[in-house]
file input_17.txt (compact mmCIF, C-alpha atoms)
# COMPACT_ATOMS: atom_id res chain seq x y z
CA MET A 562 15.02 -9.89 4.73
CA PRO A 563 12.86 -11.43 1.97
CA SER A 564 14.39 -10.54 -1.39
CA LEU A 565 12.29 -10.07 -4.50
CA GLN A 566 13.47 -13.45 -5.81
CA GLU A 567 12.34 -15.19 -2.62
CA MET A 568 8.97 -13.45 -2.72
CA ALA A 569 8.52 -14.39 -6.40
CA LYS A 570 8.76 -18.08 -5.56
CA LYS A 571 5.67 -17.97 -3.34
CA GLU A 572 2.01 -17.74 -4.18
CA GLY A 573 0.49 -14.25 -3.93
CA ALA A 574 -2.65 -13.35 -1.99
CA PHE A 575 -4.19 -11.09 -4.59
CA ALA A 576 -5.17 -11.88 -8.18
CA GLY A 577 -5.28 -9.59 -11.19
CA GLY A 578 -8.54 -8.45 -12.75
CA HIS A 579 -9.53 -6.33 -9.76
CA ARG A 580 -10.97 -2.89 -10.49
CA MET A 581 -8.53 -0.58 -8.66
CA CYS A 582 -7.61 2.53 -10.70
CA ALA A 583 -4.82 2.07 -13.23
CA GLY A 584 -1.58 2.82 -11.41
CA CYS A 585 -2.98 2.55 -7.88
CA PRO A 586 -0.13 1.20 -5.73
CA VAL A 587 -2.27 -0.49 -3.06
CA PRO A 588 -2.15 -4.00 -4.66
CA ILE A 589 1.65 -3.86 -4.35
CA PHE A 590 1.33 -4.64 -0.64
CA THR A 591 -1.71 -6.94 -0.85
CA LYS A 592 0.21 -9.13 -3.32
CA MET A 593 2.97 -9.43 -0.70
CA LEU A 594 0.91 -10.53 2.30
CA THR A 595 1.44 -14.28 1.84
CA ARG A 596 4.90 -13.91 0.37
CA VAL A 597 6.79 -12.47 3.33
CA THR A 598 6.55 -15.34 5.83
CA ASP A 599 6.75 -19.11 5.86
CA GLY A 600 4.43 -21.53 7.56
CA TYR A 601 1.50 -19.27 8.35
CA GLU A 602 -1.99 -19.20 6.91
CA ILE A 603 -3.11 -15.60 6.48
CA VAL A 604 -6.67 -14.39 7.10
CA ALA A 605 -7.50 -10.80 6.16
CA GLY A 606 -10.26 -8.47 7.20
CA ASN A 607 -11.01 -5.34 5.25
CA ALA A 608 -12.76 -2.18 6.37
CA THR A 609 -14.78 -0.45 3.69
CA CYS A 610 -12.27 1.32 1.48
CA CYS A 611 -11.13 1.49 -2.15
CA LEU A 612 -9.40 -1.86 -1.81
CA GLU A 613 -12.48 -3.59 -0.44
CA VAL A 614 -14.81 -2.16 -3.09
CA ALA A 615 -12.55 -2.74 -6.07
CA SER A 616 -11.37 -6.22 -5.12
CA SER A 617 -14.76 -7.79 -4.47
CA ILE A 618 -17.19 -6.57 -7.11
CA PHE A 619 -19.81 -9.32 -7.32
CA PRO A 620 -19.53 -12.06 -8.55
CA TYR A 621 -15.75 -11.70 -8.61
CA SER A 622 -13.20 -11.67 -5.81
CA ALA A 623 -9.50 -10.99 -6.17
CA TRP A 624 -8.60 -12.54 -2.82
CA LYS A 625 -6.97 -15.96 -2.78
CA ILE A 626 -6.93 -16.02 1.05
CA PRO A 627 -9.88 -16.11 3.48
CA TRP A 628 -11.16 -12.54 3.54
CA ILE A 629 -13.90 -10.70 5.40
CA HIS A 630 -15.49 -7.42 4.45
CA THR A 631 -16.66 -5.40 7.44
CA ALA A 632 -18.25 -1.99 7.76
CA PHE A 633 -16.19 1.18 7.85
CA GLU A 634 -15.77 1.36 11.61
CA ASN A 635 -15.30 -2.16 12.91
CA VAL A 636 -12.53 -4.07 11.18
CA GLY A 637 -10.51 -3.94 14.42
CA ALA A 638 -13.41 -5.42 16.38
CA SER A 639 -14.27 -8.06 13.74
CA MET A 640 -10.73 -9.32 13.42
CA SER A 641 -10.39 -9.36 17.23
CA GLY A 642 -13.37 -11.71 17.28
CA VAL A 643 -11.94 -13.92 14.54
CA GLU A 644 -8.61 -14.10 16.34
CA THR A 645 -10.27 -14.96 19.65
CA MET A 646 -12.31 -17.71 17.98
CA TYR A 647 -9.13 -19.12 16.48
CA ARG A 648 -7.47 -19.25 19.91
CA ALA A 649 -10.53 -20.95 21.41
CA LEU A 650 -10.69 -23.58 18.65
CA LYS A 651 -6.95 -24.13 18.88
CA LYS A 652 -7.22 -24.74 22.60
CA ARG A 653 -9.87 -27.41 21.96
CA GLY A 654 -7.68 -29.00 19.31
CA LYS A 655 -10.02 -28.29 16.40
CA ILE A 656 -7.42 -26.23 14.49
CA THR A 657 -3.80 -27.23 14.35
CA LYS A 658 -2.36 -25.03 11.59
CA PRO A 659 -0.82 -21.70 12.67
CA TYR A 660 -2.89 -18.75 11.50
CA LYS A 661 -2.13 -15.04 11.43
CA PHE A 662 -4.67 -12.25 11.12
CA ILE A 663 -4.46 -9.02 9.20
CA ALA A 664 -6.83 -6.07 9.25
CA ILE A 665 -6.64 -3.57 6.41
CA GLY A 666 -8.17 -0.10 6.34
CA GLY A 667 -7.77 3.13 4.44
CA ASP A 668 -6.96 6.37 6.21
CA GLY A 669 -10.63 7.35 6.57
CA GLY A 670 -11.51 3.99 8.10
CA THR A 671 -8.49 4.07 10.39
CA TYR A 672 -7.69 7.68 11.36
CA ASP A 673 -11.35 8.69 11.75
CA ILE A 674 -14.15 6.15 11.68
CA GLY A 675 -12.40 2.98 12.83
CA LEU A 676 -10.14 4.56 15.45
CA GLN A 677 -12.00 3.33 18.51
CA SER A 678 -12.26 -0.30 17.34
CA LEU A 679 -8.59 -0.22 16.30
CA SER A 680 -7.64 1.22 19.69
CA GLY A 681 -9.63 -1.48 21.46
CA ALA A 682 -8.10 -4.30 19.42
CA MET A 683 -4.58 -3.05 20.10
CA GLU A 684 -5.24 -2.46 23.80
CA ARG A 685 -6.69 -5.96 24.34
CA GLY A 686 -3.54 -7.43 22.83
CA HIS A 687 -4.94 -9.58 20.02
CA ASP A 688 -2.43 -11.29 17.76
CA LEU A 689 -3.34 -9.03 14.88
CA VAL A 690 -1.58 -6.84 12.32
CA TYR A 691 -3.42 -3.67 11.35
CA ILE A 692 -2.28 -2.14 8.06
CA CYS A 693 -3.50 1.36 7.27
CA TYR A 694 -2.80 2.57 3.75
CA ASP A 695 -2.79 6.33 3.96
CA ASN A 696 -3.74 8.13 0.77
CA GLY A 697 -4.75 11.28 2.57
CA ALA A 698 -8.54 11.54 2.09
CA TYR A 699 -11.73 9.52 1.59
CA MET A 700 -10.71 8.71 -1.99
CA ASN A 701 -13.29 5.96 -2.50
CA THR A 702 -16.31 8.22 -1.99
CA GLY A 703 -14.89 11.12 -4.01
CA VAL A 704 -11.98 12.79 -2.22
CA GLN A 705 -13.52 14.15 0.99
CA ARG A 706 -11.12 15.42 3.64
CA SER A 707 -10.07 13.07 6.43
CA SER A 708 -7.90 13.78 9.45
CA ALA A 709 -4.97 12.40 7.43
CA THR A 710 -5.31 15.06 4.73
CA PRO A 711 -2.25 17.31 4.75
CA MET A 712 -2.57 21.05 5.18
CA GLY A 713 -3.41 23.02 2.05
CA ALA A 714 -4.69 20.06 0.01
CA THR A 715 -7.84 20.77 -1.97
CA THR A 716 -10.57 18.16 -1.52
CA THR A 717 -14.28 18.21 -2.37
CA THR A 718 -15.16 19.22 1.21
CA THR A 719 -12.26 21.66 1.64
CA PRO A 720 -12.08 23.17 -1.85
CA MET A 721 -9.57 25.91 -2.57
CA GLY A 722 -10.94 29.22 -3.76
CA GLU A 723 -11.11 32.91 -2.97
CA GLN A 724 -11.81 32.34 0.72
CA SER A 725 -9.75 29.24 1.39
CA TYR A 726 -6.43 27.63 0.50
CA GLY A 727 -7.80 24.10 1.05
CA ARG A 728 -7.60 21.94 4.16
CA GLN A 729 -6.84 24.08 7.24
CA GLY A 730 -4.60 22.98 10.07
CA ASN A 731 -2.24 20.05 10.50
CA ARG A 732 -2.89 16.37 9.97
CA LYS A 733 -3.16 13.85 12.77
CA ASP A 734 -0.17 11.60 13.43
CA LEU A 735 -1.74 8.18 13.86
CA SER A 736 1.57 6.31 14.11
CA ARG A 737 2.37 8.17 17.31
CA ILE A 738 -1.11 7.43 18.68
CA MET A 739 -0.42 3.74 18.07
CA VAL A 740 2.98 4.01 19.76
CA ALA A 741 1.13 5.40 22.78
CA HIS A 742 -0.78 2.09 22.96
CA ASN A 743 2.49 0.47 24.10
CA ILE A 744 2.25 -2.36 21.57
CA GLY A 745 5.18 -4.43 20.38
CA TYR A 746 5.54 -3.13 16.87
CA VAL A 747 4.59 0.09 15.07
CA ALA A 748 6.09 1.06 11.73
CA GLN A 749 5.75 3.64 9.02
CA ALA A 750 6.45 2.22 5.57
CA SER A 751 6.16 3.41 2.01
CA ILE A 752 4.99 1.66 -1.12
CA HIS A 753 8.12 2.69 -3.07
CA ASP A 754 10.46 0.43 -1.10
CA PRO A 755 9.22 -3.18 -1.39
CA VAL A 756 12.20 -4.67 0.46
CA ASP A 757 11.78 -2.40 3.49
CA LEU A 758 8.02 -2.92 3.36
CA SER A 759 8.30 -6.72 3.17
CA GLU A 760 10.67 -6.74 6.13
CA LYS A 761 8.24 -4.68 8.17
CA LEU A 762 5.34 -6.93 7.16
CA LYS A 763 7.38 -9.97 8.14
CA LYS A 764 8.26 -8.53 11.56
CA ALA A 765 4.65 -7.49 12.19
CA ILE A 766 3.14 -10.83 11.13
CA GLU A 767 5.65 -12.96 13.03
CA LEU A 768 5.24 -10.91 16.22
CA ASP A 769 3.06 -12.64 18.80
CA GLY A 770 0.76 -9.73 19.65
CA PRO A 771 -0.72 -6.60 18.10
CA ALA A 772 1.22 -4.66 15.46
CA PHE A 773 0.46 -1.64 13.36
CA ILE A 774 1.85 -0.52 9.99
CA ASN A 775 1.09 2.86 8.47
CA LEU A 776 1.72 2.87 4.75
CA LEU A 777 2.04 5.86 2.42
CA SER A 778 0.07 5.09 -0.73
CA PRO A 779 -0.43 7.88 -3.31
CA CYS A 780 -3.82 8.12 -5.00
CA ILE A 781 -4.10 8.83 -8.74
CA PRO A 782 -7.42 10.78 -8.88
CA GLY A 783 -7.23 12.19 -5.34
CA TRP A 784 -3.72 13.59 -5.59
CA LYS A 785 -4.44 14.53 -9.24
CA ILE A 786 -1.35 12.84 -10.65
CA ALA A 787 -0.48 10.80 -13.76
CA PRO A 788 -1.03 7.01 -13.48
CA ASP A 789 2.70 6.22 -13.56
CA MET A 790 3.63 8.68 -10.78
CA ALA A 791 2.42 6.87 -7.66
CA VAL A 792 5.69 5.14 -6.73
CA GLU A 793 7.77 8.22 -7.59
CA LEU A 794 5.61 10.42 -5.33
CA ALA A 795 5.85 7.93 -2.46
CA ARG A 796 9.64 8.06 -2.91
CA LEU A 797 9.64 11.86 -2.91
CA GLY A 798 7.36 11.89 0.14
CA VAL A 799 10.06 9.97 2.00
CA GLU A 800 12.95 12.03 0.55
CA THR A 801 11.32 15.30 1.62
CA LYS A 802 10.78 13.88 5.14
CA TYR A 803 7.00 14.27 4.84
CA TRP A 804 6.74 10.53 5.54
CA PRO A 805 9.69 9.33 7.66
CA LEU A 806 10.39 5.60 7.48
CA TYR A 807 10.78 4.36 11.03
CA GLU A 808 9.78 1.53 13.30
CA VAL A 809 9.09 1.38 17.02
CA ILE A 810 9.91 -1.96 18.61
CA ASP A 811 8.75 -2.18 22.24
CA GLY A 812 8.68 1.60 22.51
CA GLU A 813 12.14 2.15 21.02
CA TYR A 814 12.31 4.29 17.91
CA LYS A 815 14.56 3.38 15.02
CA ILE A 816 14.86 5.39 11.80
CA ASN A 817 15.10 3.06 8.80
CA TYR A 818 16.03 5.62 6.19
CA THR A 819 17.64 9.04 6.47
CA PRO A 820 17.48 11.08 3.24
CA LYS A 821 20.94 11.76 1.80
CA LYS A 822 20.27 15.44 1.06
CA GLU A 823 17.77 18.09 2.06
CA VAL A 824 14.87 18.19 -0.40
CA PRO A 825 12.31 20.97 0.16
CA VAL A 826 8.77 19.70 0.57
CA THR A 827 7.67 21.83 -2.41
CA GLU A 828 9.42 19.32 -4.72
CA TRP A 829 6.85 16.78 -3.60
CA MET A 830 3.87 19.11 -3.26
CA PHE A 831 3.89 20.83 -6.63
CA LEU A 832 3.93 17.57 -8.59
CA GLN A 833 0.41 17.02 -7.27
CA GLY A 834 -2.70 18.75 -8.54
CA ARG A 835 -4.17 19.00 -5.05
CA PHE A 836 -1.39 21.42 -3.98
CA LYS A 837 -0.84 23.26 -7.29
CA HIS A 838 -2.88 26.33 -6.23
CA LEU A 839 -0.35 26.96 -3.42
CA ASN A 840 2.39 27.62 -5.98
CA LYS A 841 1.76 31.38 -5.82
CA PRO A 842 3.52 34.11 -3.81
CA GLU A 843 0.42 34.86 -1.70
CA TYR A 844 0.40 31.33 -0.31
CA SER A 845 4.09 31.24 0.63
CA ASP A 846 3.18 31.37 4.35
CA VAL A 847 1.07 28.19 3.99
CA VAL A 848 3.94 26.38 2.27
CA ASP A 849 6.38 27.64 4.94
CA ALA A 850 4.05 26.40 7.70
CA PHE A 851 3.85 23.00 5.94
CA GLN A 852 7.65 22.81 5.69
CA LYS A 853 8.00 23.78 9.37
CA ASP A 854 5.54 21.08 10.43
CA VAL A 855 7.40 18.44 8.40
CA GLU A 856 10.70 19.48 9.99
CA ARG A 857 9.21 19.52 13.48
CA ASN A 858 7.84 16.00 13.02
CA TRP A 859 11.15 14.72 11.62
CA ASN A 860 13.15 16.33 14.45
CA TRP A 861 10.85 14.77 17.02
CA ILE A 862 11.49 11.29 15.59
CA VAL A 863 15.24 11.95 15.37
CA ARG A 864 15.25 12.98 19.03
CA GLN A 865 13.34 9.81 20.03
CA ALA A 866 15.76 7.58 18.09
CA ALA A 867 18.76 9.46 19.51
CA SER A 868 17.52 9.07 23.09
CA VAL A 869 17.24 5.30 22.55
CA GLU A 870 20.88 5.20 21.40
CA LEU A 871 21.95 7.38 24.32
CA LEU A 872 20.20 5.15 26.85
CA SER A 873 21.61 1.92 25.44
CA ALA A 874 25.12 3.49 25.45
CA GLU A 875 24.70 4.38 29.12
CA VAL A 876 23.62 0.84 29.97
CA ASN A 877 26.67 -0.59 28.27
CA MET B 760 -22.28 -6.43 -23.36
CA LYS B 761 -20.20 -9.53 -23.78
CA ASP B 762 -21.91 -12.76 -22.82
CA LYS B 763 -19.34 -13.65 -20.15
CA TYR B 764 -20.31 -10.56 -18.16
CA ARG B 765 -24.00 -11.52 -18.17
CA LEU B 766 -25.40 -11.32 -14.64
CA LYS B 767 -26.56 -14.63 -13.21
CA ASP B 768 -30.15 -15.43 -12.24
CA TRP B 769 -30.88 -15.95 -8.57
CA GLN B 770 -31.22 -19.72 -9.14
CA GLU B 771 -27.65 -19.88 -10.50
CA LEU B 772 -26.04 -18.01 -7.61
CA ALA B 773 -24.48 -19.67 -4.57
CA ILE B 774 -26.54 -19.54 -1.38
CA GLY B 775 -26.00 -16.27 0.48
CA GLY B 776 -24.34 -14.75 -2.58
CA VAL B 777 -20.92 -16.01 -1.53
CA VAL B 778 -18.10 -16.21 -4.08
CA PRO B 779 -16.91 -19.81 -3.63
CA ASP B 780 -13.77 -19.59 -5.77
CA GLY B 781 -11.58 -16.78 -4.44
CA GLY B 782 -9.29 -15.17 -6.97
CA ASN B 783 -11.82 -15.59 -9.78
CA SER B 784 -11.31 -11.95 -10.75
CA VAL B 785 -8.64 -13.27 -13.15
CA ASP B 786 -11.55 -14.02 -15.49
CA TYR B 787 -12.38 -10.32 -15.68
CA GLU B 788 -10.72 -8.43 -18.51
CA THR B 789 -9.25 -5.08 -17.41
CA GLY B 790 -6.97 -4.83 -20.45
CA THR B 791 -9.67 -2.83 -22.23
CA TRP B 792 -8.86 0.14 -19.94
CA ARG B 793 -5.49 0.62 -21.62
CA THR B 794 -4.63 3.78 -23.55
CA SER B 795 -0.90 3.01 -23.64
CA ARG B 796 0.86 -0.32 -23.49
CA PRO B 797 4.19 -1.51 -22.08
CA ILE B 798 6.33 -3.66 -24.38
CA TRP B 799 8.93 -5.86 -22.72
CA ASN B 800 12.32 -6.29 -24.46
CA ALA B 801 13.83 -9.59 -23.34
CA GLU B 802 17.32 -8.78 -24.66
CA ASN B 803 17.76 -5.69 -22.42
CA CYS B 804 16.04 -7.11 -19.33
CA ILE B 805 18.25 -7.77 -16.27
CA ASN B 806 15.50 -9.73 -14.42
CA CYS B 807 15.60 -7.54 -11.33
CA LEU B 808 11.80 -8.16 -10.92
CA ASN B 809 11.14 -4.48 -10.11
CA CYS B 810 8.37 -4.39 -12.72
CA TRP B 811 6.85 -7.54 -11.28
CA VAL B 812 6.79 -6.23 -7.71
CA PHE B 813 5.45 -2.80 -8.67
CA CYS B 814 2.80 -4.07 -11.11
CA PRO B 815 -0.56 -3.54 -9.38
CA GLU B 816 -2.31 -5.95 -11.78
CA ASP B 817 0.02 -8.93 -11.30
CA ALA B 818 0.41 -8.77 -15.09
CA PHE B 819 4.06 -9.85 -15.24
CA ILE B 820 4.10 -13.59 -15.69
CA LEU B 821 7.19 -15.30 -14.30
CA LYS B 822 8.94 -18.50 -15.33
CA ASP B 823 11.68 -20.61 -13.81
CA GLY B 824 15.16 -19.83 -15.08
CA THR B 825 18.79 -19.83 -14.01
CA THR B 826 21.46 -17.17 -13.62
CA LYS B 827 24.68 -17.36 -15.66
CA LYS B 828 26.26 -19.26 -12.77
CA GLY B 829 23.43 -21.79 -12.83
CA THR B 830 21.53 -20.93 -9.65
CA PRO B 831 17.77 -21.15 -10.12
CA ARG B 832 15.78 -17.94 -10.19
CA LYS B 833 12.52 -16.48 -11.42
CA GLU B 834 12.54 -14.62 -14.72
CA ILE B 835 10.04 -12.51 -16.60
CA GLU B 836 8.21 -14.54 -19.25
CA ARG B 837 5.73 -12.06 -20.72
CA ILE B 838 3.17 -9.37 -19.93
CA ASN B 839 -0.42 -10.46 -19.48
CA TYR B 840 -2.30 -7.90 -21.60
CA TYR B 841 -5.63 -9.32 -20.47
CA HIS B 842 -5.08 -7.60 -17.09
CA CYS B 843 -2.57 -4.82 -17.87
CA LYS B 844 -4.30 -1.44 -17.43
CA GLY B 845 -1.41 0.41 -19.03
CA CYS B 846 -0.54 2.60 -16.04
CA GLY B 847 3.15 2.68 -16.99
CA LEU B 848 4.55 2.06 -13.50
CA CYS B 849 6.72 -0.78 -14.85
CA ALA B 850 8.39 1.39 -17.50
CA LYS B 851 8.81 4.25 -15.02
CA GLU B 852 10.42 2.11 -12.30
CA CYS B 853 12.58 -0.07 -14.61
CA PRO B 854 16.24 0.48 -13.60
CA VAL B 855 17.42 -0.18 -17.19
CA ASN B 856 15.08 2.55 -18.45
CA LYS B 857 16.27 4.89 -15.69
CA LYS B 858 19.90 4.57 -16.81
CA GLY B 859 18.74 5.89 -20.16
CA LYS B 860 21.01 3.99 -22.56
CA LYS B 861 18.67 1.12 -23.41
CA THR B 862 15.04 0.34 -22.64
CA ALA B 863 13.85 -2.95 -21.19
CA ILE B 864 10.20 -1.80 -21.19
CA ASP B 865 8.94 0.54 -23.89
CA TYR B 866 5.77 2.46 -23.18
CA VAL B 867 3.82 3.26 -26.36
CA LYS B 868 0.38 4.55 -27.29
CA GLU B 869 -2.23 1.85 -27.76
CA GLU B 870 -3.43 1.42 -31.35
CA HIS B 871 -7.15 0.78 -31.57

call {"tool": "encode", "arguments": {"input": "input_17.txt", "output": "structure tokens"}}
result
Amino acid sequence: MPSLQEMAKKEGAFAGGHRMCAGCPVPIFTKMLTRVTDGYEIVAGNATCCLEVASSIFPYSAWKIPWIHTAFENVGASMSGVETMYRALKKRGKITKPYKFIAIGGDGGTYDIGLQSLSGAMERGHDLVYICYDNGAYMNTGVQRSSATPMGATTTTTPMGEQSYGRQGNRKDLSRIMVAHNIGYVAQASIHDPVDLSEKLKKAIELDGPAFINLLSPCIPGWKIAPDMAVELARLGVETKYWPLYEVIDGEYKINYTPKKEVPVTEWMFLQGRFKHLNKPEYSDVVDAFQKDVERNWNWIVRQAASVELLSAEVN
Amino acid sequence: MKDKYRLKDWQELAIGGVVPDGGNSVDYETGTWRTSRPIWNAENCINCLNCWVFCPEDAFILKDGTTKKGTPRKEIERINYYHCKGCGLCAKECPVNKKGKKTAIDYVKEEH
């Protein structure tokens, strides 16, 4: 497990002076990319997202590693190509250093627009880590709903008002879709726990094959929160079981963190402006449905992890 | 507009508009965004590096130091106010601040 001291001794991948919003937690993981492993050169590809736009405003670039900007939908395909080229050149002896490839996308570019290229890259088995930072809407273009937007959240395309309480229906669970690809490593991580996150990054990068990390990353303007609240809200998202921290290694679920006490999901919701309108008696059924969905999702993961333990006990 | 942010002519740009020196965003001043500023108190700091890891701007500058036992470690040297956007994450996540007795990072309104 890379400690903070160990990470501090290495050179980061991401420089200051980028134009992300004040308090945006996304650079916390981009800074880490080169710090979690030894002996690898990292190459990153970036789908169009907040990170891509704010880190590469011409003529400046915040990236200290080789970095490619692709369109919204094809970072999976582009990085597959780069990885294949690397293997071909390595075979011919033109590259000797070990390289690792990372694709980064937001939730819009991963859950919706880039899903088919991501699915293809994972299915073909490229040695590639895909990191999706999930902030729950198309924040870069002005908070439009995506399929990662939680129920009841108000966005510019699902505004709350007399006729609507915000986004209708439940969000998509991309982590489970990626588990269904039968790849070696899938994990859900959160920005509030850098040690857990760095360990997951290390496992994913060092794995020889495709890996996927889904990362909870609160958004200051989109969630309508104060600039110093991002890490706290990621922590509360995990404590309320909205965002369980787990990893799936070769199809076997393992829960990394079980909250010590039951925290109702309202503790997390009503700190955010996008859910504030639900804090009224007439919307109690929406909040109850949200809570039920969170519990159902958590119980499903607990059952998966328990069945793994049961099976391994039977084998022994 | 300051002269350093003057846009280049097409003759001055690299071919294809590439940015040859990656990481050159350090030349860009984002400290002007600040409405509040963190102030680091060395005497109360326990060098846990939480502020460094959570700082989205990479504004905590580290130096080499040693623990009381003499093992080498990284320590906080200062805050780079050229990049600090004043979000306050460092003061919020500081474990010394959270205990509430002392403050290792004060968070105060910016004076213009």

call {"tool": "residues_around", "arguments": {"input": "input_17.txt", "residues": "Pro627 of chain A", "least_positions_apart": "6", "cutoff": "8 Å", "atoms": "only C-alpha atoms", "output": "NGL selection string"}}
result
:A and (603-605)

call {"tool": "closest_atom_pairs", "arguments": {"input": "input_17.txt", "of": "chain B", "to": "chain A", "cutoff": "7 Å", "atoms": "all atoms listed in the file", "output": "Markdown table"}}
result
| residue | atom | partner | partner_atom | distance |
| --- | --- | --- | --- | --- |
| B:Val778 | CA | A:Pro620 | CA | 6.3 |
| B:Gly781 | CA | A:Lys625 | CA | 5.0 |
| B:Gly782 | CA | A:Ala623 | CA | 4.3 |
| B:Asn783 | CA | A:Tyr621 | CA | 5.7 |
| B:Ser784 | CA | A:Gly578 | CA | 4.9 |
| B:Val785 | CA | A:Gly578 | CA | 4.8 |
| B:Asp786 | CA | A:Gly578 | CA | 6.9 |
| B:Tyr787 | CA | A:Gly578 | CA | 5.2 |
| B:Glu788 | CA | A:Gly578 | CA | 6.2 |
| B:Thr789 | CA | A:Gly578 | CA | 5.8 |
| B:Leu808 | CA | A:Leu565 | CA | 6.7 |
| B:Val812 | CA | A:Ile589 | CA | 6.6 |
| B:Phe813 | CA | A:Ile589 | CA | 5.9 |
| B:Cys814 | CA | A:Ile589 | CA | 6.9 |
| B:Pro815 | CA | A:Pro588 | CA | 5.0 |
| B:Glu816 | CA | A:Gly577 | CA | 4.7 |
| B:Asp817 | CA | A:Gly577 | CA | 5.3 |
| B:Ala818 | CA | A:Gly577 | CA | 6.9 |
| B:Arg832 | CA | A:Gln566 | CA | 6.7 |
| B:Lys833 | CA | A:Gln566 | CA | 6.4 |
| B:His842 | CA | A:Gly578 | CA | 5.6 |
| B:Lys844 | CA | A:Ala583 | CA | 5.5 |
| B:Gly845 | CA | A:Ala583 | CA | 6.9 |
| B:Cys846 | CA | A:Gly584 | CA | 4.8 |
| B:Gly847 | CA | A:Asp789 | CA | 4.9 |
| B:Leu848 | CA | A:Asp789 | CA | 4.6 |
| B:Lys851 | CA | A:Asp789 | CA | 6.6 |

call {"tool": "atom_distance", "arguments": {"input": "input_17.txt", "atom1": "atom CA of Glu572 of chain A", "atom2": "atom CA of Thr791 of chain B"}}
result
26.2 Å

call {"tool": "residues_around", "arguments": {"input": "input_17.txt", "residues": "Trp799 of chain B", "least_positions_apart": "5", "cutoff": "7 Å", "atoms": "only C-alpha atoms", "output": "list of chain:residue names"}}
result
B:Ala863, B:Ile864, B:Asp865

call {"tool": "closest_residue", "arguments": {"input": "input_17.txt", "among": "A:Lys815, A:Ser564, A:Lys661, A:Thr719", "to": "Cys807 of chain B", "atoms": "all atoms listed in the file"}}
result
A:Ser564

call {"tool": "residues_around", "arguments": {"input": "input_17.txt", "residues": "Gly798 of chain A", "least_positions_apart": "2", "cutoff": "9 Å", "atoms": "only C-alpha atoms", "output": "MDAnalysis selection string"}}
result
chainID A and resid 751 777 793:796 800:805 826 829:830

call {"tool": "atom_distance", "arguments": {"input": "input_17.txt", "atom1": "atom CA of Val855 of chain B", "atom2": "atom CA of Tyr841 of chain B"}}
result
25.0 Å

call {"tool": "atom_distance", "arguments": {"input": "input_17.txt", "atom1": "atom CA of Thr609 of chain A", "atom2": "atom CA of Asp673 of chain A"}}
result
12.7 Å
